[in-house]
$ cat work20.cif   # mmCIF, C-alpha atoms
data_work
#
loop_
_atom_site.label_atom_id
_atom_site.label_comp_id
_atom_site.auth_asym_id
_atom_site.auth_seq_id
_atom_site.Cartn_x
_atom_site.Cartn_y
_atom_site.Cartn_z
CA MET G 1 -12.08 15.77 -19.03
CA ARG G 2 -14.23 15.98 -15.92
CA LEU G 3 -12.50 15.33 -12.61
CA ARG G 4 -13.67 12.14 -10.92
CA LEU G 5 -12.93 12.30 -7.21
CA GLY G 6 -14.46 10.28 -4.40
CA ALA G 7 -13.83 8.03 -1.43
CA HIS G 8 -14.29 4.58 0.05
CA LEU G 9 -17.75 4.35 1.62
CA SER G 10 -19.86 1.65 3.27
CA ILE G 11 -22.96 0.07 1.73
CA ALA G 12 -23.83 -1.73 4.99
CA SER G 13 -26.83 0.58 5.51
CA GLY G 14 -27.88 0.45 1.87
CA LEU G 15 -26.72 1.56 -1.55
CA GLU G 16 -28.96 4.62 -1.48
CA LYS G 17 -27.41 5.88 1.74
CA ALA G 18 -23.93 5.40 0.29
CA ALA G 19 -24.91 7.31 -2.85
CA ARG G 20 -26.33 10.19 -0.82
CA THR G 21 -23.25 10.23 1.39
CA ALA G 22 -21.11 10.52 -1.74
CA ALA G 23 -23.12 13.54 -2.85
CA GLN G 24 -22.90 15.11 0.62
CA ILE G 25 -19.11 14.88 0.75
CA GLY G 26 -18.72 16.29 -2.75
CA ALA G 27 -17.83 13.02 -4.47
CA ASN G 28 -18.86 11.89 -7.95
CA THR G 29 -17.34 8.40 -7.71
CA PHE G 30 -16.87 5.93 -4.86
CA GLN G 31 -15.67 2.50 -3.81
CA TYR G 32 -17.17 0.05 -1.31
CA PHE G 33 -16.33 -3.32 0.19
CA THR G 34 -18.21 -6.13 -1.53
CA ARG G 35 -18.61 -7.85 1.85
CA ASN G 36 -17.28 -7.57 5.39
CA PRO G 37 -13.59 -6.64 4.91
CA ARG G 38 -12.44 -8.83 7.81
CA GLY G 39 -14.76 -11.77 7.24
CA GLY G 40 -16.79 -13.67 4.71
CA LYS G 41 -20.31 -12.37 5.20
CA ALA G 42 -22.07 -10.44 2.42
CA ARG G 43 -25.24 -8.40 2.91
CA ALA G 44 -28.17 -9.51 0.76
CA ILE G 45 -29.23 -6.84 -1.73
CA GLY G 46 -32.71 -7.16 -3.21
CA GLY G 47 -33.99 -6.18 -6.62
CA GLU G 48 -35.92 -3.13 -5.39
CA GLU G 49 -32.83 -1.71 -3.69
CA ILE G 50 -30.77 -2.29 -6.83
CA SER G 51 -33.38 -0.56 -8.99
CA ARG G 52 -33.49 2.49 -6.72
CA TRP G 53 -29.69 2.55 -6.60
CA LEU G 54 -29.31 2.46 -10.37
CA SER G 55 -31.72 5.37 -10.74
CA LEU G 56 -30.05 7.40 -7.99
CA ARG G 57 -26.51 6.91 -9.27
CA ARG G 58 -27.63 8.20 -12.67
CA ASP G 59 -29.24 11.24 -11.05
CA LEU G 60 -26.13 11.96 -8.96
CA ASP G 61 -23.73 11.16 -11.83
CA LEU G 62 -21.70 8.67 -9.78
CA TYR G 63 -19.10 7.11 -12.07
CA PRO G 64 -17.19 4.88 -11.93
CA VAL G 65 -18.25 2.73 -8.99
CA ALA G 66 -15.87 0.04 -7.72
CA GLY G 67 -16.34 -2.89 -5.37
CA HIS G 68 -13.28 -3.86 -3.30
CA LEU G 69 -12.78 -7.49 -2.25
CA PRO G 70 -12.21 -8.11 1.48
CA TYR G 71 -8.69 -8.20 2.89
CA THR G 72 -9.12 -11.82 3.99
CA VAL G 73 -9.03 -13.02 0.38
CA ASN G 74 -5.69 -14.36 -0.89
CA PRO G 75 -6.03 -14.92 -4.65
CA ALA G 76 -2.45 -16.22 -4.80
CA ALA G 77 -3.01 -19.01 -2.28
CA PRO G 78 -2.07 -22.60 -3.18
CA PRO G 79 -4.77 -25.30 -3.44
CA GLY G 80 -6.65 -25.66 -0.17
CA ARG G 81 -9.15 -23.79 1.97
CA GLN G 82 -7.70 -20.31 1.33
CA ARG G 83 -7.83 -20.80 -2.42
CA ASP G 84 -11.34 -22.24 -2.25
CA PHE G 85 -12.46 -19.19 -0.27
CA ALA G 86 -10.76 -16.83 -2.75
CA ARG G 87 -12.48 -18.58 -5.66
CA LEU G 88 -15.86 -18.38 -3.94
CA VAL G 89 -15.53 -14.67 -3.08
CA LEU G 90 -14.16 -13.62 -6.46
CA THR G 91 -16.90 -15.52 -8.29
CA GLU G 92 -19.74 -14.29 -6.10
CA ASP G 93 -18.57 -10.73 -5.72
CA TRP G 94 -17.76 -10.23 -9.40
CA GLU G 95 -21.36 -11.23 -10.11
CA ARG G 96 -22.56 -9.04 -7.23
CA VAL G 97 -20.80 -5.97 -8.66
CA ARG G 98 -22.14 -6.79 -12.12
CA SER G 99 -25.71 -6.91 -10.79
CA LEU G 100 -25.21 -3.43 -9.30
CA GLY G 101 -23.92 -2.01 -12.57
CA GLY G 102 -20.45 -1.46 -11.14
CA GLU G 103 -17.50 -0.82 -13.41
CA TYR G 104 -14.65 -2.35 -11.39
CA VAL G 105 -13.76 -5.03 -8.85
CA VAL G 106 -10.55 -4.14 -6.99
CA ALA G 107 -8.45 -6.93 -5.46
CA HIS G 108 -5.14 -7.14 -3.63
CA PRO G 109 -3.00 -9.58 -5.63
CA GLY G 110 -2.31 -11.74 -2.59
CA ARG G 111 0.53 -13.19 -0.57
CA HIS G 112 3.07 -15.99 -0.90
CA GLY G 113 4.91 -18.17 1.57
CA GLY G 114 8.29 -17.78 -0.06
CA ASN G 115 7.80 -18.87 -3.67
CA ARG G 116 6.85 -15.74 -5.62
CA GLU G 117 6.70 -17.40 -9.05
CA GLU G 118 4.43 -20.16 -7.78
CA ALA G 119 2.10 -17.60 -6.16
CA ILE G 120 1.90 -15.58 -9.38
CA GLY G 121 0.91 -18.77 -11.16
CA HIS G 122 -1.81 -19.44 -8.59
CA LEU G 123 -3.11 -15.86 -8.99
CA ALA G 124 -3.20 -16.08 -12.78
CA GLY G 125 -4.90 -19.47 -12.60
CA LEU G 126 -7.62 -18.21 -10.27
CA ILE G 127 -8.36 -15.28 -12.57
CA GLU G 128 -8.66 -17.70 -15.49
CA GLU G 129 -11.06 -19.91 -13.53
CA THR G 130 -13.29 -17.04 -12.43
CA VAL G 131 -13.24 -13.67 -14.20
CA LEU G 132 -12.09 -14.95 -17.58
CA ALA G 133 -14.67 -17.75 -17.46
CA ALA G 134 -17.52 -15.38 -16.52
CA PRO G 135 -20.10 -13.99 -18.97
CA ALA G 136 -18.97 -11.05 -21.09
CA GLY G 137 -19.92 -7.52 -20.22
CA GLY G 138 -19.24 -7.50 -16.49
CA PRO G 139 -16.90 -5.38 -14.35
CA VAL G 140 -13.17 -5.24 -14.97
CA LEU G 141 -11.01 -6.88 -12.31
CA LEU G 142 -8.35 -4.41 -11.12
CA LEU G 143 -5.22 -5.75 -9.43
CA GLU G 144 -3.91 -3.20 -6.94
CA THR G 145 -0.30 -2.07 -6.61
CA MET G 146 0.91 -2.83 -3.09
CA ALA G 147 3.57 -1.63 -0.64
CA CYS G 148 5.49 -4.90 -1.18
CA GLN G 149 5.58 -5.91 2.45
CA ARG G 150 7.21 -9.25 3.17
CA GLY G 151 5.50 -12.02 1.20
CA GLU G 152 3.15 -9.61 -0.57
CA LEU G 153 2.57 -9.56 -4.33
CA GLY G 154 1.79 -6.25 -5.99
CA SER G 155 4.93 -4.69 -7.48
CA LEU G 156 4.73 -3.55 -11.09
CA GLU G 157 6.95 -6.49 -11.99
CA ASP G 158 4.61 -8.93 -10.25
CA LEU G 159 1.61 -7.54 -12.13
CA LEU G 160 3.50 -7.61 -15.42
CA GLU G 161 4.13 -11.34 -14.98
CA VAL G 162 0.44 -11.93 -14.25
CA PHE G 163 -0.62 -10.09 -17.42
CA LYS G 164 1.89 -12.00 -19.51
CA ARG G 165 0.58 -15.32 -18.19
CA LEU G 166 -2.99 -14.25 -18.93
CA SER G 167 -2.14 -12.92 -22.43
CA TRP G 168 -3.40 -9.40 -21.68
CA PRO G 169 -7.17 -9.97 -21.37
CA PRO G 170 -9.47 -6.90 -21.52
CA GLN G 171 -11.30 -8.14 -18.40
CA VAL G 172 -8.28 -7.33 -16.17
CA GLY G 173 -6.68 -3.97 -15.40
CA ILE G 174 -4.71 -2.16 -12.68
CA CYS G 175 -5.59 0.04 -9.71
CA LEU G 176 -2.73 2.25 -8.52
CA ASP G 177 -2.35 3.31 -4.89
CA SER G 178 -0.22 6.41 -4.27
CA ALA G 179 0.74 5.43 -0.71
CA HIS G 180 1.58 1.85 -1.67
CA LEU G 181 3.69 2.98 -4.63
CA PHE G 182 5.59 5.46 -2.44
CA GLU G 183 6.13 2.82 0.24
CA ALA G 184 7.39 0.42 -2.46
CA GLY G 185 10.01 2.94 -3.60
CA TRP G 186 8.34 5.20 -6.17
CA ASP G 187 9.10 8.81 -5.21
CA LEU G 188 5.99 10.66 -6.35
CA ARG G 189 6.80 13.90 -4.53
CA THR G 190 7.93 15.61 -7.74
CA PRO G 191 6.56 15.89 -11.29
CA ALA G 192 9.69 14.06 -12.48
CA GLY G 193 8.92 11.14 -10.18
CA CYS G 194 5.36 10.96 -11.47
CA ASP G 195 6.66 11.10 -15.04
CA GLU G 196 9.01 8.19 -14.29
CA LEU G 197 6.13 6.09 -12.95
CA ALA G 198 3.88 6.92 -15.91
CA ALA G 199 6.65 6.00 -18.36
CA ARG G 200 7.13 2.64 -16.63
CA LEU G 201 3.38 1.98 -16.65
CA GLU G 202 3.18 2.74 -20.35
CA ASN G 203 6.19 0.56 -21.11
CA TYR G 204 4.98 -2.38 -19.03
CA PHE G 205 1.23 -2.36 -19.57
CA GLY G 206 0.07 0.46 -21.81
CA LEU G 207 -1.71 3.31 -20.05
CA GLU G 208 -5.13 2.01 -21.12
CA LYS G 209 -4.73 -0.81 -18.58
CA ILE G 210 -4.56 1.67 -15.67
CA LYS G 211 -8.16 2.37 -14.63
CA LEU G 212 -8.21 3.80 -11.09
CA LEU G 213 -5.99 5.48 -8.49
CA HIS G 214 -6.36 5.22 -4.72
CA LEU G 215 -5.22 8.67 -3.59
CA ASN G 216 -3.63 8.27 -0.16
CA ASP G 217 -0.86 9.97 1.74
CA SER G 218 1.69 7.68 3.43
CA LEU G 219 2.39 7.53 7.14
CA THR G 220 5.69 5.72 6.48
CA PRO G 221 8.77 6.91 4.54
CA LEU G 222 9.77 6.25 0.96
CA ASN G 223 10.61 2.57 0.34
CA SER G 224 9.52 1.62 3.88
CA ARG G 225 7.64 -1.45 2.58
CA ARG G 226 5.04 -0.74 5.30
CA ASP G 227 1.42 -0.09 4.32
CA ARG G 228 0.15 2.82 6.43
CA HIS G 229 -2.15 5.52 5.05
CA ALA G 230 -2.28 9.13 6.26
CA LEU G 231 -4.66 12.04 5.73
CA ILE G 232 -4.04 14.13 2.63
CA GLY G 233 -1.06 16.43 3.09
CA THR G 234 -0.14 15.14 6.55
CA GLY G 235 2.12 12.23 5.64
CA GLU G 236 5.44 11.55 3.94
CA LEU G 237 4.07 12.34 0.48
CA GLY G 238 2.72 15.59 1.90
CA GLU G 239 1.05 18.38 0.00
CA LYS G 240 3.98 18.48 -2.40
CA GLY G 241 3.51 14.85 -3.41
CA ILE G 242 -0.27 14.94 -3.61
CA THR G 243 -0.01 18.13 -5.71
CA SER G 244 2.42 16.42 -8.10
CA ILE G 245 0.09 13.42 -8.47
CA VAL G 246 -3.24 15.19 -8.97
CA ASN G 247 -1.76 17.69 -11.45
CA HIS G 248 0.07 15.05 -13.48
CA SER G 249 -1.25 14.74 -17.03
CA PHE G 250 -1.92 11.01 -16.68
CA LEU G 251 -2.14 10.19 -12.98
CA GLY G 252 -4.42 13.16 -12.33
CA SER G 253 -6.73 12.12 -15.16
CA LEU G 254 -7.63 8.83 -13.48
CA PRO G 255 -10.67 8.46 -11.21
CA LEU G 256 -9.31 9.24 -7.73
CA ILE G 257 -10.58 7.32 -4.68
CA LEU G 258 -9.58 8.43 -1.18
CA GLU G 259 -8.92 5.71 1.42
CA THR G 260 -7.39 7.99 4.04
CA ASN G 261 -7.87 7.22 7.72
CA VAL G 262 -10.82 9.50 8.50
CA GLU G 263 -12.79 8.98 11.71
CA LYS G 264 -16.17 9.03 9.95
CA TYR G 265 -17.27 9.07 6.32
CA SER G 266 -18.48 12.69 6.48
CA ASP G 267 -14.85 13.70 7.15
CA TYR G 268 -14.06 12.83 3.55
CA ALA G 269 -15.69 16.16 2.62
CA LEU G 270 -12.63 17.93 4.05
CA GLU G 271 -10.23 15.51 2.33
CA ILE G 272 -11.96 16.15 -1.01
CA LYS G 273 -11.82 19.89 -0.39
CA LYS G 274 -8.06 19.60 0.30
CA VAL G 275 -7.48 17.75 -2.98
CA LYS G 276 -9.51 20.25 -5.00
CA ALA G 277 -7.48 23.10 -3.47
CA LEU G 278 -4.28 21.51 -4.81
CA LEU G 279 -5.56 21.29 -8.39
CA ARG G 280 -4.13 23.93 -10.69
CA ASN G 281 -6.27 23.62 -13.80
CA ALA G 282 -9.18 21.42 -12.83
CA ALA G 283 -11.95 20.69 -15.29
CA PRO G 284 -15.49 21.27 -13.97
CA PHE G 285 -16.40 18.84 -11.18
#
$ encode --input "work20.cif" --output "structure tokens"
Amino acid sequence: MRLRLGAHLSIASGLEKAARTAAQIGANTFQYFTRNPRGGKARAIGGEEISRWLSLRRDLDLYPVAGHLPYTVNPAAPPGRQRDFARLVLTEDWERVRSLGGEYVVAHPGRHGGNREEAIGHLAGLIEETVLAAPAGGPVLLLETMACQRGELGSLEDLLEVFKRLSWPPQVGICLDSAHLFEAGWDLRTPAGCDELAARLENYFGLEKIKLLHLNDSLTPLNSRRDRHALIGTGELGEKGITSIVNHSFLGSLPLILETNVEKYSDYALEIKKVKALLRNAAPF
């Protein structure tokens, strides 16, 4: 199986530029924000740009490509302005990713004000109203595992409840995040720890539901419940943890997207080089 390794890039200056940046940093997959990550504005993308993008991504063999919803969206919000905004963004951006031929839409599961069960119900309901009501053949919505900060949904148990409420639809999957999992208490610094996570994933969801992995080191310690990314090999996971993850038979087979705190996108070339150096028996890239 060919290694799929890339990074989070910007499409603010155009899809073609993002594709060429991916090639320059040695990536063959990437993720982008569907709109401004701190606000609600989305850049208009015309048909000619989309056509050139689709041709270029084929030429550069960029796969899969994922759109990430902005951080301001709370899909677990109760009825009101926040929920209306979440519905609008999820509806528009799912269609936006579909029009670009993207495979995945990644979303943080959201936050609650104290009632976890109620928030999970709101999240499941919003997915039913939007993604499950959308035309067939579009991108898969991936709910991301989170660090489980106060009031934050995104533990494996939270996601399991969402899938049960939705009756396991094929339009919804899971995006893992190595830093978030570590910060939530999963010790991935050893092969045994990675095996334990994979066994839980298979038991809860079936491994076919796990589509993507955000490969990030963690600035904060195990079970810190604080979401802080670090450059590959420089954090609490360290080279030992990243090595365990990328060489794991399942976790290392997933498309890997870096979201480390680089100063500029070109710096991801070094991060990708670091990851490749930790691979023991990598298939051709």
$ closest_residue --input "work20.cif" --among "G:Cys148, G:Ala198, G:Leu88, G:Ala22" --to "Gly185 (chain G)" --atoms "all atoms listed in the file"
G:Cys148
$ residues_around --input "work20.cif" --residues "region 158-166 of chain G" --least-positions-apart "2" --cutoff "7 Å" --atoms "all atoms listed in the file" --output "PyMOL selection string"
chain G and resi 120+124+153-156+168-169+204
$ closest_residue --input "work20.cif" --among "G:Ala119, G:Leu256, G:Val106, G:Cys175" --to "Lys276 (chain G)" --atoms "only C-alpha atoms"
G:Leu256
$ resolve_selection --input "work20.cif" --expression "the PyMOL selection byres ((chain G and resi 89-100) around 7)" --output "ChimeraX atom specification"
/G:34,50,67,85-88,101-102,105,130,138-139
$ residues_around --input "work20.cif" --residues "Pro37 (chain G)" --least-positions-apart "6" --cutoff "10 Å" --atoms "all atoms listed in the file" --output "list in words"
His68, Leu69, Pro70, Tyr71, Thr72 and Val73 of chain G
$ resolve_selection --input "work20.cif" --expression "the PyMOL selection byres ((chain G and resi 244-250) around 7)" --output "list in words"
Leu188, Arg189, Thr190, Pro191, Cys194, Lys240, Gly241, Ile242, Thr243, Leu251, Gly252, Ser253, Leu254, Leu279 and Arg280 of chain G
$ resolve_selection --input "work20.cif" --expression "the PyMOL selection byres ((chain G and resi 10) around 7)" --output "ChimeraX atom specification"
/G:9,11-12,18,32-33
$ closest_residue --input "work20.cif" --among "G:Ala199, G:Leu181, G:Glu271, G:Phe205" --to "Ser218 (chain G)" --atoms "only C-alpha atoms"
G:Leu181
$ atom_distance --input "work20.cif" --atom1 "CA of His112 (chain G)" --atom2 "CA of Gly235 (chain G)"
29.0 Å
$ atom_distance --input "work20.cif" --atom1 "CA of Glu259 (chain G)" --atom2 "CA of Glu202 (chain G)"
25.1 Å
$ atom_distance --input "work20.cif" --atom1 "CA of Arg228 (chain G)" --atom2 "CA of Val275 (chain G)"
19.2 Å
$ residues_around --input "work20.cif" --residues "Phe182 (chain G)" --least-positions-apart "6" --cutoff "9 Å" --atoms "all atoms listed in the file" --output "JSON, numbers by chain"
{"G": [147, 188, 189, 217, 218, 220, 221, 222, 223, 224, 225, 236, 237]}
$ axis_aligned_box --input "work20.cif" --around "region 251-267 of chain G" --padding-each-side "5 Å" --output "lines of an AutoDock Vina configuration file"
center_x = -10.3
center_y = 9.7
center_z = -1.7
size_x = 26.3
size_y = 18.0
size_z = 36.9
$ residues_around --input "work20.cif" --residues "Asn115 (chain G)" --least-positions-apart "6" --cutoff "12 Å" --atoms "all atoms listed in the file" --output "ChimeraX atom specification"
/G:76-78,121-122,150-153
$ write_last_selection --input "work20.cif" --atoms "C-alpha atoms" --output "compact mmCIF listing (two decimals), in the coordinates of the input"
# COMPACT_ATOMS: atom_id res chain seq x y z
CA ALA G 76 -2.45 -16.22 -4.80
CA ALA G 77 -3.01 -19.01 -2.28
CA PRO G 78 -2.07 -22.60 -3.18
CA GLY G 121 0.91 -18.77 -11.16
CA HIS G 122 -1.81 -19.44 -8.59
CA ARG G 150 7.21 -9.25 3.17
CA GLY G 151 5.50 -12.02 1.20
CA GLU G 152 3.15 -9.61 -0.57
CA LEU G 153 2.57 -9.56 -4.33
$ closest_residue --input "work20.cif" --among "G:Leu62, G:Leu197, G:Leu176, G:Ile232" --to "Met146 (chain G)" --atoms "all atoms listed in the file"
G:Leu176
$ closest_residue --input "work20.cif" --among "G:Asn74, G:Asn28, G:Glu129, G:Leu219" --to "Gly233 (chain G)" --atoms "only C-alpha atoms"
G:Leu219
$ closest_residue --input "work20.cif" --among "G:Ala269, G:Ala44, G:Ala27, G:Ala179" --to "Ser13 (chain G)" --atoms "all atoms listed in the file"
G:Ala44
$ build_atoms --input "work20.cif" --residues "region 193-212 of chain G" --atoms "N, CA and C atoms" --output "PDB file, keeping the file's coordinate frame"
ATOM      1  N   GLY G 193       9.199  12.472 -10.702  1.00  0.00           N
ATOM      2  CA  GLY G 193       8.920  11.140 -10.180  1.00  0.00           C
ATOM      3  C   GLY G 193       7.636  10.569 -10.740  1.00  0.00           C
ATOM      4  N   CYS G 194       6.621  11.409 -10.878  1.00  0.00           N
ATOM      5  CA  CYS G 194       5.360  10.960 -11.470  1.00  0.00           C
ATOM      6  C   CYS G 194       5.548  10.612 -12.948  1.00  0.00           C
ATOM      7  N   ASP G 195       6.366  11.399 -13.640  1.00  0.00           N
ATOM      8  CA  ASP G 195       6.660  11.100 -15.040  1.00  0.00           C
ATOM      9  C   ASP G 195       7.349   9.737 -15.172  1.00  0.00           C
ATOM     10  N   GLU G 196       8.283   9.464 -14.255  1.00  0.00           N
ATOM     11  CA  GLU G 196       9.010   8.190 -14.290  1.00  0.00           C
ATOM     12  C   GLU G 196       8.045   7.018 -14.107  1.00  0.00           C
ATOM     13  N   LEU G 197       7.115   7.146 -13.164  1.00  0.00           N
ATOM     14  CA  LEU G 197       6.130   6.090 -12.950  1.00  0.00           C
ATOM     15  C   LEU G 197       5.257   5.917 -14.186  1.00  0.00           C
ATOM     16  N   ALA G 198       4.755   7.004 -14.737  1.00  0.00           N
ATOM     17  CA  ALA G 198       3.880   6.920 -15.910  1.00  0.00           C
ATOM     18  C   ALA G 198       4.595   6.272 -17.092  1.00  0.00           C
ATOM     19  N   ALA G 199       5.873   6.603 -17.259  1.00  0.00           N
ATOM     20  CA  ALA G 199       6.650   6.000 -18.360  1.00  0.00           C
ATOM     21  C   ALA G 199       6.792   4.503 -18.157  1.00  0.00           C
ATOM     22  N   ARG G 200       7.022   4.072 -16.902  1.00  0.00           N
ATOM     23  CA  ARG G 200       7.130   2.640 -16.630  1.00  0.00           C
ATOM     24  C   ARG G 200       5.798   1.933 -16.860  1.00  0.00           C
ATOM     25  N   LEU G 201       4.713   2.560 -16.440  1.00  0.00           N
ATOM     26  CA  LEU G 201       3.380   1.980 -16.650  1.00  0.00           C
ATOM     27  C   LEU G 201       3.099   1.807 -18.135  1.00  0.00           C
ATOM     28  N   GLU G 202       3.430   2.824 -18.911  1.00  0.00           N
ATOM     29  CA  GLU G 202       3.180   2.740 -20.350  1.00  0.00           C
ATOM     30  C   GLU G 202       4.034   1.665 -20.994  1.00  0.00           C
ATOM     31  N   ASN G 203       5.287   1.560 -20.553  1.00  0.00           N
ATOM     32  CA  ASN G 203       6.190   0.560 -21.110  1.00  0.00           C
ATOM     33  C   ASN G 203       5.772  -0.854 -20.740  1.00  0.00           C
ATOM     34  N   TYR G 204       5.347  -1.052 -19.496  1.00  0.00           N
ATOM     35  CA  TYR G 204       4.980  -2.380 -19.030  1.00  0.00           C
ATOM     36  C   TYR G 204       3.600  -2.824 -19.511  1.00  0.00           C
ATOM     37  N   PHE G 205       2.619  -1.940 -19.395  1.00  0.00           N
ATOM     38  CA  PHE G 205       1.230  -2.360 -19.570  1.00  0.00           C
ATOM     39  C   PHE G 205       0.470  -1.640 -20.682  1.00  0.00           C
ATOM     40  N   GLY G 206       0.903  -0.424 -21.014  1.00  0.00           N
ATOM     41  CA  GLY G 206       0.070   0.460 -21.810  1.00  0.00           C
ATOM     42  C   GLY G 206      -0.858   1.207 -20.865  1.00  0.00           C
ATOM     43  N   LEU G 207      -0.965   2.508 -21.010  1.00  0.00           N
ATOM     44  CA  LEU G 207      -1.710   3.310 -20.050  1.00  0.00           C
ATOM     45  C   LEU G 207      -3.194   2.967 -20.019  1.00  0.00           C
ATOM     46  N   GLU G 208      -3.700   2.366 -21.085  1.00  0.00           N
ATOM     47  CA  GLU G 208      -5.130   2.010 -21.120  1.00  0.00           C
ATOM     48  C   GLU G 208      -5.471   0.932 -20.092  1.00  0.00           C
ATOM     49  N   LYS G 209      -4.476   0.219 -19.591  1.00  0.00           N
ATOM     50  CA  LYS G 209      -4.730  -0.810 -18.580  1.00  0.00           C
ATOM     51  C   LYS G 209      -4.904  -0.225 -17.176  1.00  0.00           C
ATOM     52  N   ILE G 210      -4.503   1.021 -16.982  1.00  0.00           N
ATOM     53  CA  ILE G 210      -4.560   1.670 -15.670  1.00  0.00           C
ATOM     54  C   ILE G 210      -5.913   2.371 -15.572  1.00  0.00           C
ATOM     55  N   LYS G 211      -6.767   1.918 -14.656  1.00  0.00           N
ATOM     56  CA  LYS G 211      -8.160   2.370 -14.630  1.00  0.00           C
ATOM     57  C   LYS G 211      -8.509   3.263 -13.449  1.00  0.00           C
ATOM     58  N   LEU G 212      -7.781   3.166 -12.333  1.00  0.00           N
ATOM     59  CA  LEU G 212      -8.210   3.800 -11.090  1.00  0.00           C
ATOM     60  C   LEU G 212      -6.983   4.127 -10.253  1.00  0.00           C
TER      61      LEU G 212
END
